[in-house]
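> So that we are looking at the same thing, I have put the structure below in structure tokens.
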Amino acid sequence: MNRTGPTALLLLLATLFTATPALGQGQIELDGDRQRRLLRAMDSAQGCPSGSFLRNMDPNIDSVLVNLLNDKDTPLQYRLYAVDCLGSFTNKRSIQVLSSLLNDPTWDKMYRLRAMAAAARAMGAEVLGPLKEACNDRDAETRAAAARAIGWINVPRARSFLKHLKLREQDPMVLEAITEALKRIPKDPLRPMETGI
């Protein structure tokens with residue numbers, strides 16, 4: 001009886017260890033399938049699909065987006081689409097990744113600029129301070145991206161900041177971005193009628 005007990009235990013352990021790689025491989029295939037579906041949806045939308053589409057696609061689609069962003073073998077356009085898509089989520093993981101993109105200098109400039117609008121959509125007024133600082137950057141492209149991003153923050157102080165910024169900014173590209181952003185923020189209904197934008 002003692003001999004069959006350990007033998008049965010060894011058999012059980014051997015079965016578990018041989019089943020584990022198959023389970024791991026199945027999980028990898030599942031992740032690969034989710035990523036392929038996401039890439040097809042991005043192709044179809046020619047960018048980031050709507051937030052509701054993404055959430056209905058899979059409850060953990062944000063983790064697929066993070067993996068896509070971090071995969072250096074993925075074509076650049078999909079990695080940038082992944083940044084855009086992270087702006088549709090307000091969970092901790094997405095916000096941490098967007099904050100990292102904004103603050104970590106190891107990310108290329110194109111990711112940081114793309115993350116500005118995504119962070120504004122996901123975090124709202126919480127990211128207004130850093131975006132206002134970016135509007136003082138020496139680089140006009142950075143200032144334009146920051147101004148455009150502020151247009152996603154629907155609060156009166158964002159609109160007020162952009163209006164003042166428009167008075168002092170001289171670069172045509174940045175001025176165009178400010179005008180575009182101001183069109184997205186509705187005028188405050190509690191204030192007197194404003195003339196122009």
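Lettering and numbering for the structure tokens are positional, with chains as A, B, ... in the shown order, residues counted from 1 in each chain, and ligands counted from 1 in the shown order.
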Show me, as a list of chain:residue names, the residues that have an atom within 8 Å of stretch 169-176 of chain A when counting only C-alpha atoms, minus same-chain residues fewer than 5 positions from it.
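In the requested format, the answer is A:Ala140, A:Glu141, A:Arg143, A:Ala144, A:Ala147.
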> Would you put the residues from that selection into a file with all heavy atoms, as an mmCIF file, in the first residue's frame?

data_model
loop_
_atom_site.group_PDB
_atom_site.id
_atom_site.type_symbol
_atom_site.label_atom_id
_atom_site.label_comp_id
_atom_site.auth_asym_id
_atom_site.auth_seq_id
_atom_site.Cartn_x
_atom_site.Cartn_y
_atom_site.Cartn_z
ATOM 1 N N ALA A 140 8.225 73.415 -30.978
ATOM 2 C CA ALA A 140 6.878 73.793 -31.409
ATOM 3 C C ALA A 140 5.967 72.574 -31.552
ATOM 4 O O ALA A 140 4.779 72.645 -31.249
ATOM 5 C CB ALA A 140 6.946 74.550 -32.726
ATOM 6 N N GLU A 141 6.509 71.463 -31.986
ATOM 7 C CA GLU A 141 5.703 70.249 -32.145
ATOM 8 C C GLU A 141 5.161 69.769 -30.796
ATOM 9 O O GLU A 141 4.009 69.346 -30.684
ATOM 10 C CB GLU A 141 6.553 69.163 -32.811
ATOM 11 C CG GLU A 141 5.747 68.053 -33.423
ATOM 12 C CD GLU A 141 6.623 67.053 -34.169
ATOM 13 O OE1 GLU A 141 7.865 67.210 -34.218
ATOM 14 O OE2 GLU A 141 6.038 66.100 -34.695
ATOM 15 N N ARG A 143 4.684 71.764 -28.143
ATOM 16 C CA ARG A 143 3.676 72.750 -27.728
ATOM 17 C C ARG A 143 2.349 72.505 -28.431
ATOM 18 O O ARG A 143 1.282 72.580 -27.825
ATOM 19 C CB ARG A 143 4.167 74.182 -27.998
ATOM 20 C CG ARG A 143 5.361 74.588 -27.178
ATOM 21 C CD ARG A 143 5.613 76.086 -27.152
ATOM 22 N NE ARG A 143 5.577 76.766 -28.429
ATOM 23 C CZ ARG A 143 6.618 76.903 -29.256
ATOM 24 N NH1 ARG A 143 7.789 76.370 -28.946
ATOM 25 N NH2 ARG A 143 6.495 77.584 -30.397
ATOM 26 N N ALA A 144 2.405 72.196 -29.720
ATOM 27 C CA ALA A 144 1.180 71.942 -30.490
ATOM 28 C C ALA A 144 0.460 70.701 -29.968
ATOM 29 O O ALA A 144 -0.765 70.705 -29.798
ATOM 30 C CB ALA A 144 1.511 71.784 -31.969
ATOM 31 N N ALA A 147 -1.181 71.549 -26.624
ATOM 32 C CA ALA A 147 -2.373 72.396 -26.800
ATOM 33 C C ALA A 147 -3.548 71.564 -27.315
ATOM 34 O O ALA A 147 -4.665 71.675 -26.824
ATOM 35 C CB ALA A 147 -2.067 73.538 -27.763
#
> I need the residues of stretch 18-151 of chain A that end up classed as helix (DSSP H, G or I) by DSSP on the backbone, written out as a PyMOL selection string.
chain A and resi 18-45+51-57+61-70+76-86+92-103+109-134+140-150
> Grab the residues selected above and save them as a short mmCIF file (atom, residue, chain, number, x, y, z; two decimals), in the first residue's frame with C-alpha atoms.

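Dumped everything to result_24.cif:
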data_model
loop_
_atom_site.label_atom_id
_atom_site.label_comp_id
_atom_site.auth_asym_id
_atom_site.auth_seq_id
_atom_site.Cartn_x
_atom_site.Cartn_y
_atom_site.Cartn_z
CA THR A 18 3.24 17.81 -18.72
CA ALA A 19 -0.13 19.60 -18.76
CA THR A 20 1.31 22.93 -17.63
CA PRO A 21 3.26 23.72 -20.84
CA ALA A 22 0.17 22.93 -22.90
CA LEU A 23 -1.89 25.29 -20.75
CA GLY A 24 0.80 27.97 -21.10
CA GLN A 25 0.90 27.45 -24.85
CA GLY A 26 -2.92 27.70 -25.03
CA GLN A 27 -2.73 31.01 -23.13
CA ILE A 28 -0.11 32.31 -25.56
CA GLU A 29 -2.31 31.31 -28.48
CA LEU A 30 -5.26 33.05 -26.82
CA ASP A 31 -3.22 36.24 -26.37
CA GLY A 32 -2.07 35.98 -29.98
CA ASP A 33 -5.68 35.61 -31.15
CA ARG A 34 -6.76 38.66 -29.15
CA GLN A 35 -3.88 40.67 -30.58
CA ARG A 36 -4.72 39.60 -34.15
CA ARG A 37 -8.37 40.61 -33.62
CA LEU A 38 -7.23 43.96 -32.23
CA LEU A 39 -4.91 44.60 -35.20
CA ARG A 40 -7.75 43.78 -37.63
CA ALA A 41 -10.03 46.22 -35.77
CA MET A 42 -7.30 48.90 -35.95
CA ASP A 43 -6.92 48.31 -39.69
CA SER A 44 -10.67 48.55 -40.16
CA ALA A 45 -10.88 51.80 -38.14
CA GLY A 51 -13.68 52.88 -26.64
CA SER A 52 -16.99 51.01 -26.46
CA PHE A 53 -15.88 48.69 -29.28
CA LEU A 54 -12.61 47.98 -27.45
CA ARG A 55 -14.33 47.23 -24.13
CA ASN A 56 -16.85 44.92 -25.82
CA MET A 57 -14.06 43.14 -27.65
CA ILE A 61 -8.07 44.41 -23.95
CA ASP A 62 -6.04 47.09 -22.15
CA SER A 63 -3.40 44.46 -21.28
CA VAL A 64 -3.29 43.44 -24.96
CA LEU A 65 -2.77 47.12 -25.84
CA VAL A 66 0.08 47.43 -23.33
CA ASN A 67 1.72 44.28 -24.74
CA LEU A 68 1.32 45.63 -28.27
CA LEU A 69 2.88 48.95 -27.28
CA ASN A 70 5.84 47.25 -25.61
CA LEU A 76 5.19 51.50 -35.44
CA GLN A 77 1.69 52.48 -36.59
CA TYR A 78 0.09 49.79 -34.39
CA ARG A 79 2.18 50.77 -31.39
CA LEU A 80 1.05 54.38 -31.82
CA TYR A 81 -2.58 53.24 -32.25
CA ALA A 82 -2.15 51.34 -28.97
CA VAL A 83 -1.18 54.61 -27.25
CA ASP A 84 -4.29 56.27 -28.67
CA CYS A 85 -6.47 53.38 -27.52
CA LEU A 86 -5.14 53.51 -23.96
CA LYS A 92 -4.82 52.00 -13.02
CA ARG A 93 -2.76 50.02 -15.54
CA SER A 94 -3.62 52.29 -18.49
CA ILE A 95 -3.02 55.47 -16.51
CA GLN A 96 0.35 54.18 -15.27
CA VAL A 97 1.44 53.36 -18.82
CA LEU A 98 0.31 56.77 -20.12
CA SER A 99 2.09 58.52 -17.23
CA SER A 100 5.23 56.56 -18.05
CA LEU A 101 5.00 57.59 -21.70
CA LEU A 102 4.70 61.24 -20.68
CA ASN A 103 7.45 61.27 -18.07
CA LYS A 109 9.24 61.79 -28.72
CA MET A 110 6.51 60.43 -31.03
CA TYR A 111 5.17 58.24 -28.21
CA ARG A 112 5.24 61.10 -25.71
CA LEU A 113 3.40 63.44 -28.08
CA ARG A 114 0.78 60.79 -28.84
CA ALA A 115 0.38 60.05 -25.11
CA MET A 116 -0.57 63.66 -24.37
CA ALA A 117 -4.00 63.41 -26.00
CA ALA A 118 -4.54 59.88 -24.69
CA ALA A 119 -3.69 60.96 -21.13
CA ALA A 120 -5.97 63.99 -21.40
CA ARG A 121 -8.87 61.75 -22.47
CA ALA A 122 -8.18 59.18 -19.75
CA MET A 123 -7.17 61.45 -16.87
CA GLY A 124 -8.91 64.75 -17.60
CA ALA A 125 -7.99 67.74 -15.45
CA GLU A 126 -5.52 65.61 -13.49
CA VAL A 127 -3.02 65.98 -16.35
CA LEU A 128 -3.72 69.66 -17.11
CA GLY A 129 -0.70 70.90 -15.10
CA PRO A 130 1.91 68.85 -17.01
CA LEU A 131 0.26 69.73 -20.34
CA LYS A 132 0.37 73.44 -19.49
CA GLU A 133 4.08 73.06 -18.75
CA ALA A 134 4.58 71.33 -22.10
CA ALA A 140 6.88 73.79 -31.41
CA GLU A 141 5.70 70.25 -32.14
CA THR A 142 5.57 69.51 -28.41
CA ARG A 143 3.68 72.75 -27.73
CA ALA A 144 1.18 71.94 -30.49
CA ALA A 145 0.58 68.40 -29.18
CA ALA A 146 0.09 69.72 -25.64
CA ALA A 147 -2.37 72.40 -26.80
CA ARG A 148 -4.32 69.84 -28.84
CA ALA A 149 -4.42 67.52 -25.82
CA ILE A 150 -5.77 70.27 -23.55
#
> Suppose you want the space between atom CA of A:Glu180 and atom CA of A:Asn136; what is it in Å?
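Straight-line distance from atom CA of A:Glu180 to atom CA of A:Asn136 works out to 18.2 Å.
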> Can you tell me which residues surround A:Asn154 at a distance of at most 9 Å, considering only C-alpha atoms, apart from same-chain residues fewer than 2 positions away, and format the answer as a ChimeraX atom specification?
/A:124-125,150-152,156-159,184-186
> Produce a file of the selected residues containing N, CA, C and O atoms, as a PDB file, in the first residue's frame.

ATOM      1  N   GLY A 124      -8.232  63.467 -17.734  1.00  0.00           N
ATOM      2  CA  GLY A 124      -8.906  64.749 -17.596  1.00  0.00           C
ATOM      3  C   GLY A 124      -8.048  65.810 -16.949  1.00  0.00           C
ATOM      4  O   GLY A 124      -6.849  65.915 -17.205  1.00  0.00           O
ATOM      5  N   ALA A 125      -8.659  66.594 -16.072  1.00  0.00           N
ATOM      6  CA  ALA A 125      -7.993  67.743 -15.454  1.00  0.00           C
ATOM      7  C   ALA A 125      -6.764  67.353 -14.634  1.00  0.00           C
ATOM      8  O   ALA A 125      -5.902  68.192 -14.377  1.00  0.00           O
ATOM      9  N   ILE A 150      -4.970  69.492 -24.507  1.00  0.00           N
ATOM     10  CA  ILE A 150      -5.766  70.271 -23.554  1.00  0.00           C
ATOM     11  C   ILE A 150      -7.200  70.415 -24.050  1.00  0.00           C
ATOM     12  O   ILE A 150      -8.146  70.488 -23.267  1.00  0.00           O
ATOM     13  N   GLY A 151      -7.378  70.392 -25.358  1.00  0.00           N
ATOM     14  CA  GLY A 151      -8.719  70.462 -25.929  1.00  0.00           C
ATOM     15  C   GLY A 151      -9.613  69.294 -25.538  1.00  0.00           C
ATOM     16  O   GLY A 151     -10.836  69.362 -25.680  1.00  0.00           O
ATOM     17  N   TRP A 152      -9.040  68.205 -25.036  1.00  0.00           N
ATOM     18  CA  TRP A 152      -9.826  67.052 -24.566  1.00  0.00           C
ATOM     19  C   TRP A 152     -10.250  67.205 -23.114  1.00  0.00           C
ATOM     20  O   TRP A 152     -10.994  66.378 -22.598  1.00  0.00           O
ATOM     21  N   PRO A 156     -13.545  74.747 -17.719  1.00  0.00           N
ATOM     22  CA  PRO A 156     -13.350  76.161 -18.076  1.00  0.00           C
ATOM     23  C   PRO A 156     -11.906  76.632 -17.973  1.00  0.00           C
ATOM     24  O   PRO A 156     -11.445  77.423 -18.793  1.00  0.00           O
ATOM     25  N   ARG A 157     -11.159  76.141 -16.987  1.00  0.00           N
ATOM     26  CA  ARG A 157      -9.777  76.628 -16.847  1.00  0.00           C
ATOM     27  C   ARG A 157      -8.896  76.162 -18.004  1.00  0.00           C
ATOM     28  O   ARG A 157      -7.918  76.819 -18.348  1.00  0.00           O
ATOM     29  N   ALA A 158      -9.233  75.024 -18.649  1.00  0.00           N
ATOM     30  CA  ALA A 158      -8.483  74.584 -19.833  1.00  0.00           C
ATOM     31  C   ALA A 158      -8.745  75.547 -20.981  1.00  0.00           C
ATOM     32  O   ALA A 158      -7.823  75.969 -21.683  1.00  0.00           O
ATOM     33  N   ARG A 159     -10.002  75.922 -21.158  1.00  0.00           N
ATOM     34  CA  ARG A 159     -10.373  76.875 -22.211  1.00  0.00           C
ATOM     35  C   ARG A 159      -9.702  78.229 -21.966  1.00  0.00           C
ATOM     36  O   ARG A 159      -9.149  78.843 -22.877  1.00  0.00           O
ATOM     37  N   ARG A 184     -13.114  72.239 -29.396  1.00  0.00           N
ATOM     38  CA  ARG A 184     -13.587  71.039 -28.691  1.00  0.00           C
ATOM     39  C   ARG A 184     -14.118  71.342 -27.296  1.00  0.00           C
ATOM     40  O   ARG A 184     -14.872  70.566 -26.740  1.00  0.00           O
ATOM     41  N   ILE A 185     -13.678  72.444 -26.700  1.00  0.00           N
ATOM     42  CA  ILE A 185     -14.118  72.773 -25.340  1.00  0.00           C
ATOM     43  C   ILE A 185     -15.281  73.752 -25.441  1.00  0.00           C
ATOM     44  O   ILE A 185     -15.101  74.875 -25.915  1.00  0.00           O
ATOM     45  N   PRO A 186     -16.462  73.366 -25.008  1.00  0.00           N
ATOM     46  CA  PRO A 186     -17.595  74.289 -25.113  1.00  0.00           C
ATOM     47  C   PRO A 186     -17.390  75.511 -24.219  1.00  0.00           C
ATOM     48  O   PRO A 186     -16.728  75.443 -23.188  1.00  0.00           O
TER      49      PRO A 186
END
